[in-house]
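**Q** If it helps, the file is called structure-v4.cif and holds mmCIF, C-alpha atoms and all ligand atoms:
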```cif
data_upload
#
loop_
_atom_site.label_atom_id
_atom_site.label_comp_id
_atom_site.auth_asym_id
_atom_site.auth_seq_id
_atom_site.Cartn_x
_atom_site.Cartn_y
_atom_site.Cartn_z
CA MET A 29 19.39 14.85 -56.40
CA ARG A 30 21.36 16.50 -53.61
CA ASN A 31 23.64 19.20 -54.90
CA SER A 32 25.08 20.89 -51.80
CA LEU A 33 27.97 20.37 -49.41
CA VAL A 34 28.66 22.32 -46.22
CA VAL A 35 32.12 23.38 -45.06
CA THR A 36 32.39 24.05 -41.34
CA GLY A 37 35.33 24.06 -38.97
CA THR A 38 36.55 23.59 -35.45
CA ASP A 39 37.06 27.32 -35.13
CA THR A 40 37.24 30.60 -36.96
CA GLY A 41 40.37 31.47 -38.90
CA ILE A 42 41.43 27.89 -39.55
CA GLY A 43 41.18 27.78 -43.34
CA LYS A 44 37.56 26.97 -44.27
CA THR A 45 37.55 29.66 -46.96
CA VAL A 46 40.86 28.61 -48.47
CA PHE A 47 39.72 24.98 -48.47
CA SER A 48 36.37 26.03 -49.97
CA ALA A 49 38.15 27.93 -52.76
CA ALA A 50 40.10 24.81 -53.67
CA LEU A 51 37.01 22.58 -53.53
CA VAL A 52 34.81 24.96 -55.53
CA ASP A 53 37.54 25.24 -58.17
CA ALA A 54 38.12 21.47 -58.35
CA LEU A 55 34.37 20.70 -58.57
CA GLY A 56 33.47 23.59 -60.86
CA ALA A 57 30.87 24.37 -58.17
CA CYS A 58 29.09 27.47 -56.93
CA TYR A 59 29.93 29.01 -53.55
CA TRP A 60 27.67 30.51 -50.90
CA LYS A 61 28.62 32.25 -47.65
CA PRO A 62 25.17 32.74 -46.12
CA VAL A 63 26.32 35.03 -43.32
CA GLN A 64 29.39 37.25 -43.69
CA SER A 65 30.39 39.11 -40.53
CA GLY A 66 33.11 41.66 -41.18
CA LEU A 67 33.15 43.74 -44.34
CA GLU A 68 36.24 45.92 -43.94
CA ASP A 69 38.72 43.30 -45.10
CA GLU A 70 38.28 40.98 -48.08
CA THR A 71 35.10 38.95 -47.61
CA ASP A 72 35.13 35.17 -47.84
CA SER A 73 33.27 35.36 -51.14
CA GLU A 74 35.93 37.69 -52.53
CA THR A 75 38.68 35.39 -51.28
CA VAL A 76 37.07 32.35 -52.90
CA ALA A 77 36.64 34.23 -56.18
CA MET A 78 40.27 35.32 -56.17
CA LEU A 79 41.99 32.21 -54.79
CA GLY A 80 39.82 29.76 -56.63
CA GLN A 81 39.69 31.84 -59.82
CA ILE A 82 35.89 31.45 -59.64
CA PRO A 83 33.78 33.62 -61.98
CA GLN A 84 31.32 35.92 -60.23
CA GLN A 85 28.30 34.08 -61.60
CA ARG A 86 29.27 31.07 -59.46
CA ILE A 87 29.54 33.13 -56.27
CA LEU A 88 26.13 33.56 -54.66
CA ARG A 89 25.33 36.74 -52.73
CA GLU A 90 25.35 36.42 -48.96
CA ALA A 91 21.97 36.35 -47.23
CA TRP A 92 23.36 38.63 -44.49
CA ARG A 93 26.31 41.00 -44.87
CA LEU A 94 27.20 42.35 -41.43
CA ARG A 95 29.77 45.06 -40.80
CA THR A 96 31.39 43.88 -37.58
CA PRO A 97 33.85 40.93 -37.61
CA ALA A 98 32.25 39.13 -34.66
CA SER A 99 29.80 36.34 -33.91
CA PRO A 100 26.87 36.77 -36.32
CA HIS A 101 24.37 37.17 -33.50
CA LEU A 102 26.36 40.16 -32.21
CA SER A 103 27.20 41.61 -35.64
CA ALA A 104 23.51 41.52 -36.49
CA GLN A 105 22.60 43.25 -33.20
CA ILE A 106 25.20 45.98 -33.87
CA ASP A 107 23.78 46.50 -37.34
CA GLY A 108 20.25 46.61 -35.93
CA VAL A 109 19.09 43.59 -37.91
CA ALA A 110 17.92 40.14 -36.90
CA ILE A 111 19.08 37.02 -38.69
CA ASP A 112 16.12 34.77 -39.46
CA PRO A 113 17.59 31.24 -39.59
CA ASP A 114 14.43 29.96 -41.29
CA MET A 115 15.29 32.21 -44.22
CA LEU A 116 18.61 30.38 -44.64
CA THR A 117 17.68 28.12 -47.50
CA PRO A 118 20.26 27.51 -50.19
CA PRO A 119 19.16 29.15 -53.45
CA PRO A 120 18.79 26.83 -56.45
CA THR A 121 22.02 26.62 -58.45
CA PRO A 122 22.76 25.27 -61.93
CA SER A 123 25.65 23.25 -60.54
CA LEU A 124 26.98 21.85 -57.29
CA LEU A 125 26.98 24.20 -54.31
CA VAL A 126 29.58 24.55 -51.55
CA ILE A 127 28.24 26.40 -48.51
CA GLU A 128 30.60 27.84 -45.87
CA GLY A 129 29.51 28.56 -42.32
CA ALA A 130 31.12 31.22 -40.16
CA GLY A 131 33.49 30.18 -37.41
CA GLY A 132 32.72 26.82 -35.86
CA LEU A 133 29.57 24.72 -35.51
CA LEU A 134 28.04 26.26 -32.40
CA VAL A 135 28.37 29.84 -33.56
CA PRO A 136 25.12 31.67 -32.80
CA LEU A 137 23.02 33.21 -35.54
CA THR A 138 20.61 34.32 -32.83
CA SER A 139 20.47 33.71 -29.09
CA LYS A 140 18.41 30.61 -29.82
CA CYS A 141 19.96 29.17 -32.98
CA THR A 142 23.45 28.12 -34.07
CA PHE A 143 24.90 27.10 -37.42
CA ALA A 144 24.69 23.48 -36.25
CA ASP A 145 20.91 23.82 -35.96
CA VAL A 146 20.74 25.07 -39.54
CA PHE A 147 23.03 22.30 -40.80
CA ALA A 148 20.83 19.76 -38.99
CA ARG A 149 17.79 21.13 -40.84
CA TRP A 150 19.55 21.16 -44.20
CA ARG A 151 20.90 17.61 -43.86
CA TYR A 152 23.61 18.29 -46.46
CA PRO A 153 26.86 16.37 -45.94
CA VAL A 154 29.31 18.40 -43.86
CA ILE A 155 33.08 18.64 -44.17
CA LEU A 156 34.75 19.56 -40.89
CA CYS A 157 37.93 21.59 -41.39
CA ALA A 158 40.42 21.21 -38.56
CA ARG A 159 43.87 22.49 -37.72
CA THR A 160 46.69 20.01 -37.31
CA GLU A 161 48.27 21.98 -34.48
CA LEU A 162 48.21 21.09 -30.77
CA GLY A 163 44.71 21.50 -29.37
CA THR A 164 42.95 20.21 -32.45
CA ILE A 165 42.21 16.70 -31.11
CA ASN A 166 39.82 18.07 -28.51
CA HIS A 167 38.26 20.63 -30.85
CA THR A 168 37.78 18.09 -33.62
CA LEU A 169 36.32 15.31 -31.45
CA LEU A 170 33.99 17.81 -29.75
CA SER A 171 32.80 19.09 -33.14
CA LEU A 172 32.20 15.59 -34.47
CA GLU A 173 30.27 14.71 -31.31
CA ALA A 174 28.14 17.83 -31.70
CA MET A 175 27.30 16.87 -35.30
CA ARG A 176 26.46 13.27 -34.43
CA ARG A 177 24.17 14.38 -31.61
CA ARG A 178 22.21 16.40 -34.18
CA GLU A 179 22.35 13.63 -36.79
CA ILE A 180 24.15 15.96 -39.19
CA PRO A 181 25.61 13.90 -42.06
CA ILE A 182 29.41 13.97 -41.78
CA LEU A 183 31.40 13.56 -44.98
CA GLY A 184 34.69 13.71 -43.09
CA VAL A 185 37.53 15.77 -41.68
CA ALA A 186 39.75 17.96 -43.86
CA PHE A 187 42.92 18.92 -42.04
CA ILE A 188 44.58 22.23 -42.74
CA GLY A 189 48.17 22.80 -41.74
CA ASN A 190 51.50 21.08 -41.51
CA ASP A 191 51.75 17.31 -41.19
CA ARG A 192 51.22 15.88 -37.70
CA PRO A 193 50.67 12.14 -38.31
CA ASP A 194 50.00 11.14 -34.69
CA THR A 195 47.33 13.82 -34.30
CA MET A 196 45.57 12.88 -37.53
CA LYS A 197 45.82 9.17 -36.69
CA ILE A 198 44.15 9.44 -33.27
CA ILE A 199 41.39 11.65 -34.67
CA GLY A 200 40.82 9.08 -37.40
CA GLU A 201 40.67 6.29 -34.79
CA MET A 202 38.47 8.07 -32.24
CA GLY A 203 36.45 10.48 -34.37
CA GLY A 204 34.24 8.01 -36.18
CA ALA A 205 34.56 10.02 -39.40
CA PRO A 206 36.68 9.59 -42.54
CA ILE A 207 39.85 11.64 -42.85
CA LEU A 208 39.49 13.30 -46.26
CA GLY A 209 43.01 14.65 -46.53
CA ARG A 210 45.24 17.51 -45.46
CA LEU A 211 45.75 20.86 -47.11
CA PRO A 212 49.31 21.92 -46.23
CA HIS A 213 50.20 25.44 -45.18
CA LEU A 214 51.11 27.17 -48.45
CA ASP A 215 53.61 29.97 -48.64
CA PRO A 216 53.04 31.80 -50.83
CA LEU A 217 49.31 31.11 -50.96
CA THR A 218 48.52 31.39 -54.67
CA SER A 219 45.73 30.00 -56.84
CA ALA A 220 48.15 27.71 -58.64
CA ALA A 221 49.73 26.41 -55.44
CA LEU A 222 46.28 25.85 -53.91
CA ARG A 223 44.98 23.97 -56.95
CA ALA A 224 48.08 21.74 -57.01
CA ALA A 225 48.04 21.10 -53.25
CA PHE A 226 44.35 20.16 -53.28
CA ALA A 227 44.91 17.75 -56.19
CA ASP A 228 47.90 16.20 -54.42
CA HIS A 229 46.23 15.77 -51.04
CA PHE A 230 42.55 15.02 -51.72
CA ASP A 231 40.62 12.47 -53.79
CA LEU A 232 38.06 14.53 -55.70
CA SER A 233 35.89 11.45 -56.31
CA VAL A 234 35.00 11.39 -52.60
CA PHE A 235 33.34 14.80 -52.97
CA ARG A 236 31.81 14.06 -56.36
CA GLU A 237 30.15 10.91 -54.95
CA VAL A 238 28.06 13.13 -52.68
CA PHE A 239 26.38 14.56 -55.73
CA ALA A 240 25.94 11.29 -57.59
N1 LIG A 301 46.53 26.22 -46.45
C1 LIG A 301 46.81 27.50 -46.13
N2 LIG A 301 48.05 28.01 -46.43
C2 LIG A 301 48.36 29.27 -46.10
N3 LIG A 301 47.53 30.14 -45.46
C3 LIG A 301 46.29 29.66 -45.14
C4 LIG A 301 45.87 28.35 -45.45
N4 LIG A 301 44.59 28.19 -45.00
C5 LIG A 301 44.24 29.36 -44.43
N5 LIG A 301 45.25 30.26 -44.53
C6 LIG A 301 45.24 31.63 -44.01
O1 LIG A 301 44.71 31.60 -42.69
C7 LIG A 301 43.81 32.72 -42.49
C8 LIG A 301 42.40 32.19 -42.14
O2 LIG A 301 41.95 31.40 -43.23
P1 LIG A 301 40.40 31.42 -43.65
O3 LIG A 301 39.98 32.79 -43.92
O4 LIG A 301 40.25 30.41 -44.73
O5 LIG A 301 39.74 30.93 -42.30
P2 LIG A 301 38.21 30.60 -42.05
O6 LIG A 301 38.16 29.34 -41.25
O7 LIG A 301 37.48 30.60 -43.35
O8 LIG A 301 37.73 31.81 -41.15
P3 LIG A 301 36.20 32.35 -40.89
O9 LIG A 301 35.71 31.60 -39.73
O10 LIG A 301 36.41 33.80 -40.64
O11 LIG A 301 35.42 32.08 -42.15
C9 LIG A 301 43.82 33.51 -43.80
O12 LIG A 301 44.79 34.57 -43.70
C10 LIG A 301 44.29 32.50 -44.83
O13 LIG A 301 44.97 33.10 -45.93
C1 LIG A 302 34.61 37.29 -37.77
C2 LIG A 302 35.06 35.92 -38.18
N1 LIG A 302 35.92 36.08 -39.36
C3 LIG A 302 33.88 35.03 -38.53
N2 LIG A 302 33.21 35.54 -39.70
C4 LIG A 302 32.89 34.86 -37.41
C5 LIG A 302 33.50 34.08 -36.28
C6 LIG A 302 32.54 33.91 -35.13
C7 LIG A 302 33.20 33.21 -33.96
C8 LIG A 302 32.32 33.21 -32.72
C9 LIG A 302 33.01 32.47 -31.58
O1 LIG A 302 33.19 31.23 -31.69
O2 LIG A 302 33.44 33.13 -30.61
MG MG A 303 35.94 31.81 -44.00
#
```
Rewrite the structure from the file as structure tokens, please.
**A**
Amino acid sequence: MRNSLVVTGTDTGIGKTVFSAALVDALGACYWKPVQSGLEDETDSETVAMLGQIPQQRILREAWRLRTPASPHLSAQIDGVAIDPDMLTPPPTPSLLVIEGAGGLLVPLTSKCTFADVFARWRYPVILCARTELGTINHTLLSLEAMRRREIPILGVAFIGNDRPDTMKIIGEMGGAPILGRLPHLDPLTSAALRAAFADHFDLSVFREVFA
């Protein structure tokens, strides 16, 4: 039985972690950020634990914790370590597992390997997080094309941001992937607001079916 889902995005800083917190909370899943680059601020794992109110035992330790907030290939070089993509194998978990990449699909782990290459090896269904703002049509269609070329299973697109119906419509028509929903911009961003917004804007059964 498959028990993992991947969350990637069209870019860094677009809301993958916030979306992951909501999904992990709603599914009662575990969370894994295999490669964390940047340790000064709150890490993604810490954000998911706090925003999703996820107990520590459901937050898996990163495989690589790199100090510099940069592309993992560079952060690893600065720290004098080498990421071994072959070592990136999701640990067994007692429940469902949500795995978050870093940045977008073609972010390098080494000079010869990107996250997309790892996702292609894993073959877990992938959720593509995308902004709703101007510029996202190109980024989203490019990302979907990159996943199809690698035969990465695509669960669908999760938009993050304020409502832009025309943008979401054309991506739905041209992207060849289901639109899973839209997580609005929340202000303030609290655990309660996130849980409510996810429940209002996504159909949890779509995610649960992956694990059936
Ligand atoms: N729905 C939302 N409402 C309000 N703020 C949000 C929302 N989604 C993301 N943010 C904010 O946007 C910033 C980037 O979000 P996040 O850390 O989730 O991005 P990311 O795609 O996971 O980035 P990375 O590539 O570094 O993992 C954070 O400050 C986060 O609090
Ligand atoms: C530092 C940031 N928060 C992410 N962890 C890594 C983002 C890598 C982006 C690389 C790039 O596309 O230029
Ligand atoms: Mg993140």
**Q** Need the shell around Lys140 of chain A: protein/DNA/RNA residues with any atom at most 12 Å away, counting only C-alpha atoms. Skip same-chain ones fewer than 3 positions apart. Format as a ChimeraX atom specification?
**A** /A:101,110-113,134-137,143-146
**Q** Go ahead and compute the interatomic distance for atom O1 of ligand LIG 301 (chain A) and atom CA of Val46 of chain A, in Å to one decimal.
**A** 7.6 Å
**Q** Given only C-alpha atoms and all ligand atoms, how would the per-residue table for chain A near ligand MG 303 (chain A) read, listing every residue at most 7 Å away with its closest atom pair and distance in Å to one decimal, sorted by chain and number, as a tab-separated table?
**A**
```
residue	atom	partner	partner_atom	distance
A:Gly41	CA	A:MG303	MG	6.8
A:Gly43	CA	A:MG303	MG	6.6
A:Lys44	CA	A:MG303	MG	5.1
A:Thr45	CA	A:MG303	MG	4.0
A:Asp72	CA	A:MG303	MG	5.2
A:Glu128	CA	A:MG303	MG	6.9
A:Ala130	CA	A:MG303	MG	6.2
```
**Q** Between atom CA of Ser32 of chain A and atom C3 of ligand LIG 302 (chain A), measure the distance and give it in Å to one decimal.
**A**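 So the answer is 21.3 Å.
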**Q** For ligand LIG 301 (chain A), return the neighbouring residues as a PyMOL selection string (distance at most 9 Å; all atoms listed in the file).
**A** chain A and resi 36-49+61+64-66+71-72+75-76+97+128-132+157-158+188-190+210-218+222+225
**Q** Pick from A:Gly80, A:Leu102, A:Leu133, A:Leu232: nearest to Asp53 of chain A, with all atoms listed in the file counted?
**A**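 The closest residue to Asp53 of chain A is A:Gly80.
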**Q** If I wrap all listed atoms of ligand LIG 302 (chain A) in a box with edges along x, y and z and add 8 Å on each side, what are its centre and edge lengths in Å to one decimal, as AutoDock Vina command-line options?
**A**
```
--center_x 34.1 --center_y 34.3 --center_z -35.2 --size_x 19.6 --size_y 22.1 --size_z 25.1
```
**Q** When you count all atoms listed in the file, which of these residues is closest to ligand LIG 302 (chain A): A:Ile182, A:Leu156, A:Leu67, A:Ile106?
**A**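 So, comparing all the options, the nearest one is A:Leu67.
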**Q** One decimal, Å: what's the distance from atom CA of Gly56 of chain A over to atom CA of Asp191 of chain A, could you say?
**A** 27.6 Å
**Q** Scan for residues within 8 Å of the point (21.7, 27.1, -44.0) in the coordinates of the file, using only C-alpha atoms, and reply as a PyMOL selection string.
**A** chain A and resi 62+113+116-118+127+143+146-147+149-150
**Q** Tell me which of A:Val234, A:Leu94, A:Val185, A:Cys58 sits closest to ligand LIG 302 (chain A), counting all atoms listed in the file.
**A** A:Leu94
**Q** Considering all atoms listed in the file, can you say which of A:Met175, A:Ala98, A:Tyr59, A:Glu70 comes closest to ligand LIG 302 (chain A)?
**A**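 Looking only at the distances to ligand LIG 302 (chain A), the closest residue turns out to be A:Ala98.
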**Q** Looking at A:Gln85, A:Trp92, A:Leu33, A:Phe226, which one is nearest to ligand LIG 302 (chain A), with distances taken over only C-alpha atoms and all ligand atoms?
**A**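 Residue with the minimum atom-to-atom distance to ligand LIG 302 (chain A): A:Trp92.
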**Q** Out of A:Met202, A:Val63, A:Ala148, A:Val238, which residue has the shortest atom-to-atom distance to ligand LIG 302 (chain A) when counting only C-alpha atoms and all ligand atoms?
**A**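 Checking each of A:Met202, A:Val63, A:Ala148, A:Val238 against ligand LIG 302 (chain A), counting only C-alpha atoms and all ligand atoms, the winner is A:Val63.
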**Q** Could you give me, as a list in words, the residues that have an atom at most 12 Å away from the point (38.7, 11.5, -48.9) in the coordinates of the file, using all atoms listed in the file?
**A**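 With a cut-off of 12 Å, the residues come to Ile155, Ile182, Leu183, Gly184, Val185, Ala186, Phe187, Gly200, Ala205, Pro206, Ile207, Leu208, Gly209, Arg210, Leu211, Phe226, Ala227, Asp228, His229, Phe230, Asp231, Leu232, Ser233, Val234, Phe235, Arg236, Glu237 and Val238 of chain A.
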**Q** For the selection just defined, write its residues with C-alpha atoms to a file, as a PDB file, in the coordinates of the input.
**A**
```
ATOM      1  CA  ILE A 155      33.080  18.640 -44.170  1.00  0.00           C
ATOM      2  CA  ILE A 182      29.410  13.970 -41.780  1.00  0.00           C
ATOM      3  CA  LEU A 183      31.400  13.560 -44.980  1.00  0.00           C
ATOM      4  CA  GLY A 184      34.690  13.710 -43.090  1.00  0.00           C
ATOM      5  CA  VAL A 185      37.530  15.770 -41.680  1.00  0.00           C
ATOM      6  CA  ALA A 186      39.750  17.960 -43.860  1.00  0.00           C
ATOM      7  CA  PHE A 187      42.920  18.920 -42.040  1.00  0.00           C
ATOM      8  CA  GLY A 200      40.820   9.080 -37.400  1.00  0.00           C
ATOM      9  CA  ALA A 205      34.560  10.020 -39.400  1.00  0.00           C
ATOM     10  CA  PRO A 206      36.680   9.590 -42.540  1.00  0.00           C
ATOM     11  CA  ILE A 207      39.850  11.640 -42.850  1.00  0.00           C
ATOM     12  CA  LEU A 208      39.490  13.300 -46.260  1.00  0.00           C
ATOM     13  CA  GLY A 209      43.010  14.650 -46.530  1.00  0.00           C
ATOM     14  CA  ARG A 210      45.240  17.510 -45.460  1.00  0.00           C
ATOM     15  CA  LEU A 211      45.750  20.860 -47.110  1.00  0.00           C
ATOM     16  CA  PHE A 226      44.350  20.160 -53.280  1.00  0.00           C
ATOM     17  CA  ALA A 227      44.910  17.750 -56.190  1.00  0.00           C
ATOM     18  CA  ASP A 228      47.900  16.200 -54.420  1.00  0.00           C
ATOM     19  CA  HIS A 229      46.230  15.770 -51.040  1.00  0.00           C
ATOM     20  CA  PHE A 230      42.550  15.020 -51.720  1.00  0.00           C
ATOM     21  CA  ASP A 231      40.620  12.470 -53.790  1.00  0.00           C
ATOM     22  CA  LEU A 232      38.060  14.530 -55.700  1.00  0.00           C
ATOM     23  CA  SER A 233      35.890  11.450 -56.310  1.00  0.00           C
ATOM     24  CA  VAL A 234      35.000  11.390 -52.600  1.00  0.00           C
ATOM     25  CA  PHE A 235      33.340  14.800 -52.970  1.00  0.00           C
ATOM     26  CA  ARG A 236      31.810  14.060 -56.360  1.00  0.00           C
ATOM     27  CA  GLU A 237      30.150  10.910 -54.950  1.00  0.00           C
ATOM     28  CA  VAL A 238      28.060  13.130 -52.680  1.00  0.00           C
TER      29      VAL A 238
END
```
